[in-house]
$ cat model_13.cif   # mmCIF, C-alpha atoms (C1' of nucleotides)
data_query
#
loop_
_atom_site.label_atom_id
_atom_site.label_comp_id
_atom_site.auth_asym_id
_atom_site.auth_seq_id
_atom_site.Cartn_x
_atom_site.Cartn_y
_atom_site.Cartn_z
CA MET A 1 31.99 -107.26 -14.60
CA THR A 2 31.60 -104.24 -12.54
CA ASP A 3 28.89 -105.24 -10.06
CA SER A 4 28.23 -101.56 -9.48
CA MET A 5 25.66 -99.33 -11.10
CA GLY A 6 25.29 -95.67 -12.01
CA ILE A 7 22.67 -93.31 -10.69
CA ARG A 8 20.35 -93.98 -13.62
CA GLU A 9 20.25 -97.67 -12.92
CA LEU A 10 19.61 -97.22 -9.20
CA SER A 11 16.89 -94.78 -10.16
CA ASP A 12 15.32 -97.35 -12.49
CA ARG A 13 15.53 -100.10 -9.91
CA THR A 14 14.08 -98.08 -7.05
CA ASP A 15 11.74 -95.81 -8.95
CA VAL A 16 13.32 -92.80 -7.30
CA SER A 17 14.55 -90.00 -9.55
CA PRO A 18 18.28 -89.28 -9.85
CA HIS A 19 17.53 -85.79 -8.55
CA ALA A 20 15.93 -87.26 -5.46
CA LEU A 21 18.78 -89.73 -4.97
CA ARG A 22 21.30 -86.88 -4.99
CA TYR A 23 19.04 -84.96 -2.65
CA TYR A 24 18.91 -87.90 -0.24
CA GLU A 25 22.68 -87.98 -0.22
CA ARG A 26 23.01 -84.25 0.43
CA ALA A 27 20.41 -84.57 3.16
CA GLY A 28 22.46 -87.23 4.92
CA LEU A 29 20.17 -90.17 4.20
CA MET A 30 22.84 -91.95 2.19
CA ILE A 31 26.32 -91.71 3.62
CA ASP A 32 29.66 -92.54 2.00
CA VAL A 33 28.32 -93.35 -1.43
CA PRO A 34 31.26 -94.84 -3.36
CA ARG A 35 32.49 -93.20 -6.56
CA ASP A 36 34.14 -94.61 -9.65
CA ASP A 37 37.47 -93.33 -11.04
CA ARG A 38 35.61 -90.53 -12.78
CA GLY A 39 33.89 -89.28 -9.67
CA ARG A 40 30.53 -90.76 -10.55
CA ARG A 41 28.38 -92.49 -7.97
CA ALA A 42 28.86 -96.24 -8.06
CA TYR A 43 26.09 -98.03 -6.23
CA GLY A 44 25.81 -101.68 -5.23
CA ASP A 45 22.88 -103.90 -4.37
CA GLU A 46 23.01 -102.79 -0.76
CA HIS A 47 22.04 -99.33 -2.00
CA VAL A 48 18.98 -100.73 -3.73
CA ARG A 49 17.94 -102.24 -0.42
CA TRP A 50 18.71 -99.09 1.51
CA VAL A 51 16.74 -96.86 -0.86
CA ALA A 52 13.80 -99.25 -0.69
CA PHE A 53 13.92 -99.08 3.11
CA LEU A 54 14.27 -95.34 3.06
CA ARG A 55 11.23 -95.00 0.80
CA ARG A 56 9.30 -97.29 3.07
CA LEU A 57 10.01 -95.01 6.03
CA ARG A 58 9.12 -91.94 3.96
CA ASP A 59 5.87 -93.49 2.76
CA ALA A 60 5.10 -94.38 6.33
CA GLY A 61 5.37 -90.69 7.09
CA MET A 62 8.78 -90.47 8.69
CA GLY A 63 10.50 -87.12 8.16
CA ILE A 64 13.82 -86.63 6.41
CA SER A 65 15.61 -85.50 9.56
CA GLN A 66 14.62 -88.57 11.52
CA ILE A 67 15.69 -90.87 8.74
CA ARG A 68 19.00 -89.03 8.74
CA GLU A 69 19.32 -89.71 12.45
CA TYR A 70 18.71 -93.38 11.78
CA ALA A 71 21.18 -93.43 8.89
CA GLU A 72 23.84 -91.84 11.05
CA LEU A 73 23.34 -94.45 13.74
CA VAL A 74 23.75 -97.23 11.22
CA ARG A 75 26.85 -95.58 9.83
CA ALA A 76 28.56 -94.60 13.03
CA ASP A 77 27.84 -97.47 15.36
CA GLY A 78 26.48 -100.35 13.35
CA ALA A 79 25.41 -103.13 15.65
CA ALA A 80 26.06 -101.07 18.78
CA SER A 81 23.23 -98.70 17.90
CA ARG A 82 20.73 -101.43 17.29
CA SER A 83 18.66 -100.82 20.38
CA ARG A 84 18.50 -97.09 19.78
CA ARG A 85 17.48 -97.73 16.17
CA LEU A 86 14.80 -100.15 17.24
CA GLU A 87 13.51 -97.52 19.58
CA ILE A 88 13.16 -95.06 16.69
CA LEU A 89 11.38 -97.66 14.59
CA ARG A 90 9.09 -98.62 17.43
CA ALA A 91 8.20 -95.02 18.13
CA HIS A 92 7.43 -94.45 14.50
CA ARG A 93 5.39 -97.60 14.29
CA ASP A 94 3.28 -96.29 17.15
CA GLU A 95 2.77 -93.06 15.28
CA VAL A 96 1.68 -94.96 12.20
CA ARG A 97 -0.79 -96.88 14.33
CA ASP A 98 -2.27 -93.62 15.57
CA ARG A 99 -2.51 -92.15 12.11
CA LEU A 100 -4.13 -95.35 10.92
CA ALA A 101 -6.73 -95.11 13.65
CA ARG A 102 -7.50 -91.49 12.91
CA LEU A 103 -7.64 -92.14 9.19
CA SER A 104 -10.09 -94.99 9.57
CA GLU A 105 -12.29 -92.80 11.70
CA HIS A 106 -12.27 -90.25 8.88
CA LEU A 107 -13.13 -93.02 6.47
CA GLU A 108 -16.07 -94.09 8.60
CA VAL A 109 -17.46 -90.58 8.79
CA LEU A 110 -17.01 -90.07 5.07
CA ASP A 111 -18.71 -93.36 4.36
CA ARG A 112 -21.64 -92.40 6.53
CA LYS A 113 -21.99 -89.04 4.85
CA VAL A 114 -21.89 -90.61 1.41
CA ALA A 115 -24.42 -93.23 2.46
CA ASP A 116 -26.75 -90.57 3.90
CA GLY A 117 -26.47 -88.50 0.77
CA CYS A 118 -24.84 -85.80 2.90
CA ALA A 119 -26.44 -83.20 5.15
CA PRO A 120 -28.62 -80.53 3.50
CA ASP A 121 -26.04 -77.82 4.17
CA GLY A 122 -23.25 -79.76 2.46
CA THR A 123 -21.59 -80.91 5.68
CA MET B 1 -28.68 -61.25 22.13
CA THR B 2 -26.34 -61.39 19.23
CA ASP B 3 -26.26 -65.08 18.29
CA SER B 4 -23.15 -64.35 16.26
CA MET B 5 -19.53 -64.71 17.25
CA GLY B 6 -16.22 -63.08 16.39
CA ILE B 7 -13.23 -64.81 14.86
CA ARG B 8 -11.68 -65.52 18.26
CA GLU B 9 -14.69 -67.43 19.42
CA LEU B 10 -14.95 -69.46 16.23
CA SER B 11 -11.27 -70.17 16.61
CA ASP B 12 -11.79 -71.36 20.17
CA ARG B 13 -14.74 -73.50 19.22
CA THR B 14 -13.08 -75.16 16.26
CA ASP B 15 -9.49 -75.18 17.40
CA VAL B 16 -8.45 -73.49 14.18
CA SER B 17 -6.35 -70.32 14.44
CA PRO B 18 -7.83 -66.96 13.39
CA HIS B 19 -5.02 -66.70 10.83
CA ALA B 20 -6.08 -70.03 9.36
CA LEU B 21 -9.75 -69.05 9.36
CA ARG B 22 -8.94 -65.90 7.37
CA TYR B 23 -6.77 -67.97 5.10
CA TYR B 24 -9.62 -70.41 4.47
CA GLU B 25 -11.82 -67.51 3.53
CA ARG B 26 -9.26 -66.03 1.14
CA ALA B 27 -8.77 -69.47 -0.35
CA GLY B 28 -12.46 -69.77 -1.11
CA LEU B 29 -13.28 -72.43 1.46
CA MET B 30 -15.66 -70.12 3.30
CA ILE B 31 -17.80 -67.97 1.07
CA ASP B 32 -19.90 -64.93 1.97
CA VAL B 33 -18.89 -64.71 5.59
CA PRO B 34 -21.18 -62.09 7.16
CA ARG B 35 -19.75 -58.96 8.80
CA ASP B 36 -20.97 -56.79 11.62
CA ASP B 37 -21.42 -53.02 11.35
CA ARG B 38 -17.72 -52.54 11.99
CA GLY B 39 -16.62 -54.82 9.22
CA ARG B 40 -15.67 -57.66 11.51
CA ARG B 41 -16.51 -61.26 10.73
CA ALA B 42 -19.72 -62.35 12.43
CA TYR B 43 -20.03 -66.11 12.44
CA GLY B 44 -22.99 -68.28 13.37
CA ASP B 45 -23.31 -71.91 14.46
CA GLU B 46 -23.45 -73.02 10.84
CA HIS B 47 -19.88 -71.80 10.52
CA VAL B 48 -18.79 -73.94 13.43
CA ARG B 49 -20.25 -76.94 11.61
CA TRP B 50 -18.72 -75.95 8.31
CA VAL B 51 -15.24 -75.49 9.76
CA ALA B 52 -15.49 -78.84 11.51
CA PHE B 53 -16.44 -80.45 8.20
CA LEU B 54 -13.69 -78.63 6.38
CA ARG B 55 -11.11 -79.81 8.91
CA ARG B 56 -12.42 -83.33 8.59
CA LEU B 57 -11.81 -83.23 4.85
CA ARG B 58 -8.35 -81.72 5.36
CA ASP B 59 -7.43 -84.32 7.94
CA ALA B 60 -8.63 -86.97 5.55
CA GLY B 61 -6.09 -85.60 3.11
CA MET B 62 -8.27 -83.59 0.76
CA GLY B 63 -6.47 -80.63 -0.79
CA ILE B 64 -7.52 -77.01 -0.43
CA SER B 65 -8.46 -76.63 -4.07
CA GLN B 66 -10.81 -79.58 -4.03
CA ILE B 67 -12.49 -78.37 -0.87
CA ARG B 68 -12.91 -75.03 -2.60
CA GLU B 69 -14.61 -76.78 -5.49
CA TYR B 70 -16.95 -78.44 -3.03
CA ALA B 71 -17.64 -75.17 -1.22
CA GLU B 72 -18.45 -73.45 -4.50
CA LEU B 73 -20.92 -76.16 -5.40
CA VAL B 74 -22.67 -75.80 -2.07
CA ARG B 75 -22.76 -72.03 -2.49
CA ALA B 76 -23.79 -71.80 -6.11
CA ASP B 77 -26.23 -74.64 -6.55
CA GLY B 78 -27.19 -75.91 -3.14
CA ALA B 79 -29.38 -78.95 -3.50
CA ALA B 80 -28.95 -79.09 -7.26
CA SER B 81 -25.27 -79.93 -6.91
CA ARG B 82 -25.84 -82.71 -4.44
CA SER B 83 -24.99 -85.55 -6.79
CA ARG B 84 -21.83 -83.87 -7.99
CA ARG B 85 -20.81 -83.22 -4.38
CA LEU B 86 -21.50 -86.81 -3.44
CA GLU B 87 -19.31 -87.84 -6.33
CA ILE B 88 -16.43 -85.77 -4.95
CA LEU B 89 -16.92 -87.23 -1.49
CA ARG B 90 -17.14 -90.76 -2.85
CA ALA B 91 -13.98 -90.32 -4.89
CA HIS B 92 -12.13 -89.00 -1.90
CA ARG B 93 -13.42 -91.77 0.30
CA ASP B 94 -11.95 -94.24 -2.18
CA GLU B 95 -8.62 -92.45 -2.00
CA VAL B 96 -8.70 -92.63 1.78
CA ARG B 97 -9.38 -96.36 1.52
CA ASP B 98 -6.30 -96.76 -0.66
CA ARG B 99 -4.12 -94.73 1.64
CA LEU B 100 -5.42 -96.75 4.56
CA ALA B 101 -4.47 -99.98 2.82
CA ARG B 102 -1.00 -98.76 1.96
CA LEU B 103 -0.47 -97.40 5.44
CA SER B 104 -1.44 -100.65 7.08
CA GLU B 105 0.97 -102.50 4.85
CA HIS B 106 3.70 -100.12 6.02
CA LEU B 107 2.64 -100.79 9.58
CA GLU B 108 2.89 -104.53 9.05
CA VAL B 109 6.38 -104.28 7.62
CA LEU B 110 7.50 -101.96 10.39
CA ASP B 111 6.06 -104.30 12.99
CA ARG B 112 7.88 -107.22 11.47
CA LYS B 113 11.18 -105.34 11.41
CA VAL B 114 10.77 -104.29 15.01
CA ALA B 115 9.87 -107.84 16.03
CA ASP B 116 12.90 -109.25 14.17
CA GLY B 117 15.19 -106.74 15.76
CA CYS B 118 15.81 -105.36 12.28
CA ALA B 119 18.19 -106.61 9.57
CA PRO B 120 21.94 -106.43 10.32
CA ASP B 121 22.41 -103.64 7.77
CA GLY B 122 19.78 -101.46 9.39
CA THR B 123 17.10 -102.11 6.78
"C1'" DG C 1 37.46 -81.80 -33.90
"C1'" DG C 2 32.69 -81.71 -32.95
"C1'" DT C 3 28.75 -83.88 -31.05
"C1'" DT C 4 26.32 -87.05 -28.10
"C1'" DG C 5 25.59 -88.94 -23.72
"C1'" DC C 6 25.90 -89.56 -19.01
"C1'" DG C 7 27.37 -87.81 -15.13
"C1'" DT C 8 28.88 -83.88 -11.69
"C1'" DT C 9 27.99 -79.50 -8.58
"C1'" DG C 10 25.67 -75.51 -6.40
"C1'" DG C 11 21.89 -73.19 -5.92
"C1'" DA C 12 17.31 -71.51 -7.23
"C1'" DG C 13 12.42 -72.56 -7.53
"C1'" DC C 14 8.04 -74.79 -6.48
"C1'" DG C 15 3.55 -76.38 -4.41
"C1'" DC C 16 1.30 -76.87 -0.33
"C1'" DG C 17 -0.77 -75.16 3.81
"C1'" DC C 18 -0.45 -72.41 6.69
"C1'" DT C 19 1.85 -68.63 9.89
"C1'" DC C 20 3.25 -64.30 11.02
"C1'" DG C 21 4.08 -59.33 11.00
"C1'" DA C 22 3.16 -54.53 9.96
"C1'" DA C 23 0.07 -50.90 9.82
"C1'" DG C 24 -4.16 -49.20 10.95
"C1'" DA C 25 -9.35 -48.71 12.46
"C1'" DG C 26 -12.72 -48.43 16.13
"C1'" DC C 27 -14.21 -48.93 20.60
"C1'" DG C 28 -14.40 -48.65 25.89
"C1'" DA C 29 -11.99 -47.77 30.28
"C1'" DG C 30 -9.24 -44.83 33.16
"C1'" DC D 1 -6.53 -37.96 25.49
"C1'" DT D 2 -4.19 -41.91 25.69
"C1'" DC D 3 -4.05 -46.83 26.46
"C1'" DG D 4 -5.27 -51.35 25.49
"C1'" DC D 5 -7.89 -54.52 23.18
"C1'" DT D 6 -9.69 -56.83 19.23
"C1'" DC D 7 -10.25 -56.81 14.92
"C1'" DT D 8 -9.04 -55.59 9.76
"C1'" DT D 9 -6.03 -56.12 5.19
"C1'" DC D 10 -2.05 -57.12 2.56
"C1'" DG D 11 1.81 -59.40 1.74
"C1'" DA D 12 5.95 -61.75 3.10
"C1'" DG D 13 7.98 -65.87 5.11
"C1'" DC D 14 8.40 -70.72 6.40
"C1'" DG D 15 9.13 -75.86 6.55
"C1'" DC D 16 8.95 -79.73 3.90
"C1'" DG D 17 10.39 -82.57 0.13
"C1'" DC D 18 11.64 -82.54 -3.64
"C1'" DT D 19 12.53 -80.71 -8.74
"C1'" DC D 20 14.94 -78.41 -11.96
"C1'" DC D 21 18.38 -75.62 -14.12
"C1'" DA D 22 23.01 -73.89 -15.65
"C1'" DA D 23 27.54 -74.78 -16.26
"C1'" DC D 24 30.80 -77.92 -16.53
"C1'" DG D 25 33.72 -82.70 -17.03
"C1'" DC D 26 34.99 -86.58 -19.46
"C1'" DA D 27 34.80 -90.50 -22.61
"C1'" DA D 28 33.21 -92.43 -26.91
"C1'" DC D 29 31.84 -92.16 -31.67
"C1'" DC D 30 31.61 -90.23 -36.44
#
$ encode --input "model_13.cif" --output "structure tokens"
Amino acid sequence: MTDSMGIRELSDRTDVSPHALRYYERAGLMIDVPRDDRGRRAYGDEHVRWVAFLRRLRDAGMGISQIREYAELVRADGAASRSRRLEILRAHRDEVRDRLARLSEHLEVLDRKVADGCAPDGT
Amino acid sequence: MTDSMGIRELSDRTDVSPHALRYYERAGLMIDVPRDDRGRRAYGDEHVRWVAFLRRLRDAGMGISQIREYAELVRADGAASRSRRLEILRAHRDEVRDRLARLSEHLEVLDRKVADGCAPDGT
DNA sequence: GGTTGCGTTGGAGCGCGCTCGAAGAGCGAG
DNA sequence: CTCGCTCTTCGAGCGCGCTCCAACGCAACC
């Protein structure tokens, strides 16, 4: 009854490749990953949650370096950094809003072009 | 009364760098760009429209190679390729719709986290 | 003892979309 | 004649986010 999992299992549970998981660690997105007596990564459920969160930020377009910043805040200061972390999240949320707006404008234009059968010159 | 413009002017009008404009040409996104007697690119208004369209597709997430495919259809077949071109546009529009849906889900989650003040573990 | 299997590390490579630099041509102005 | 300007081509370089390899370690199984 180990309650910890190897890299393969975390990979399976998060749908993130072992290569990418090691990369995230090197890149500072996962700090202080525990090891077993043989030096192998030994993850717990909290890592499943963290990777899911991390992927969410990535999919929302946040860059690796900013996620690292966030991860370091969590690691170093915990609760004390909460307001700074919220600020990061809020700022990124605003960015996502903007991208959403621009993207739906693109969608509109595309829809119109498709509906019109496109201009004669292809534009 | 030249009615044609150099690369700098097209750049200014489209907000795309001269380097990028040359790159687009090399990449097959702009075909048969006319030259003046000194071998310099001589663009017309149709190029302004084409670059704007091209940037629209890029901003909507279409890859260079697919835009090239589209450009080649316009060039080679003109009106005859219209249905195939519409198909490409329609397919990409559907992709944009999907990305829009996923992005707004990310926005929702982010909004919720920000509103909740985030989970204690930073996720 | 050999092989299989799962893990480790460091570092190279890749695909994308530009971006930039070097070297040079052709023109007008001073 | 030289300077400065804008343009040309070719090819290298870059930032991002992985992705993959080579070489090795260690335990278990036949």
$ closest_residue --input "model_13.cif" --among "B:Leu10, B:Asp15, B:Leu86, B:Asp116" --to "chain A" --atoms "all atoms listed in the file"
B:Leu86
$ atom_distance --input "model_13.cif" --atom1 "atom C1' of DG26 of chain C" --atom2 "atom CA of Ser4 of chain B"
19.0 Å
$ resolve_selection --input "model_13.cif" --expression "the PyMOL selection byres ((chain A) within 10 of (chain C))" --output "MDAnalysis selection string"
chainID A and resid 6:8 38:41
$ interface_residues --input "model_13.cif" --of "chain A" --to "chain D" --cutoff "10 Å" --atoms "all atoms listed in the file" --output "ChimeraX atom specification"
/A:17,19-20,23-24,38-39,63-64
$ atom_distance --input "model_13.cif" --atom1 "atom CA of Pro18 of chain B" --atom2 "atom CA of Val51 of chain B"
11.9 Å
$ resolve_selection --input "model_13.cif" --expression "the PyMOL selection byres ((chain A) within 10 of (chain B))" --output "ChimeraX atom specification"
/A:46,49-54,56-57,59-61,70-71,73-75,78-79,81-83,85-90,92-97,99-111,113-123
$ atom_distance --input "model_13.cif" --atom1 "atom CA of Arg35 of chain B" --atom2 "atom CA of Met62 of chain B"
28.3 Å
$ resolve_selection --input "model_13.cif" --expression "the PyMOL selection byres ((chain A and resi 29) around 7)" --output "ChimeraX atom specification"
/A:24-25,27-28,30-31,67-68,71
$ write_last_selection --input "model_13.cif" --atoms "C-alpha atoms" --output "PDB file, in the coordinates of the input"
ATOM      1  CA  TYR A  24      18.910 -87.900  -0.240  1.00  0.00           C
ATOM      2  CA  GLU A  25      22.680 -87.980  -0.220  1.00  0.00           C
ATOM      3  CA  ALA A  27      20.410 -84.570   3.160  1.00  0.00           C
ATOM      4  CA  GLY A  28      22.460 -87.230   4.920  1.00  0.00           C
ATOM      5  CA  MET A  30      22.840 -91.950   2.190  1.00  0.00           C
ATOM      6  CA  ILE A  31      26.320 -91.710   3.620  1.00  0.00           C
ATOM      7  CA  ILE A  67      15.690 -90.870   8.740  1.00  0.00           C
ATOM      8  CA  ARG A  68      19.000 -89.030   8.740  1.00  0.00           C
ATOM      9  CA  ALA A  71      21.180 -93.430   8.890  1.00  0.00           C
TER      10      ALA A  71
END
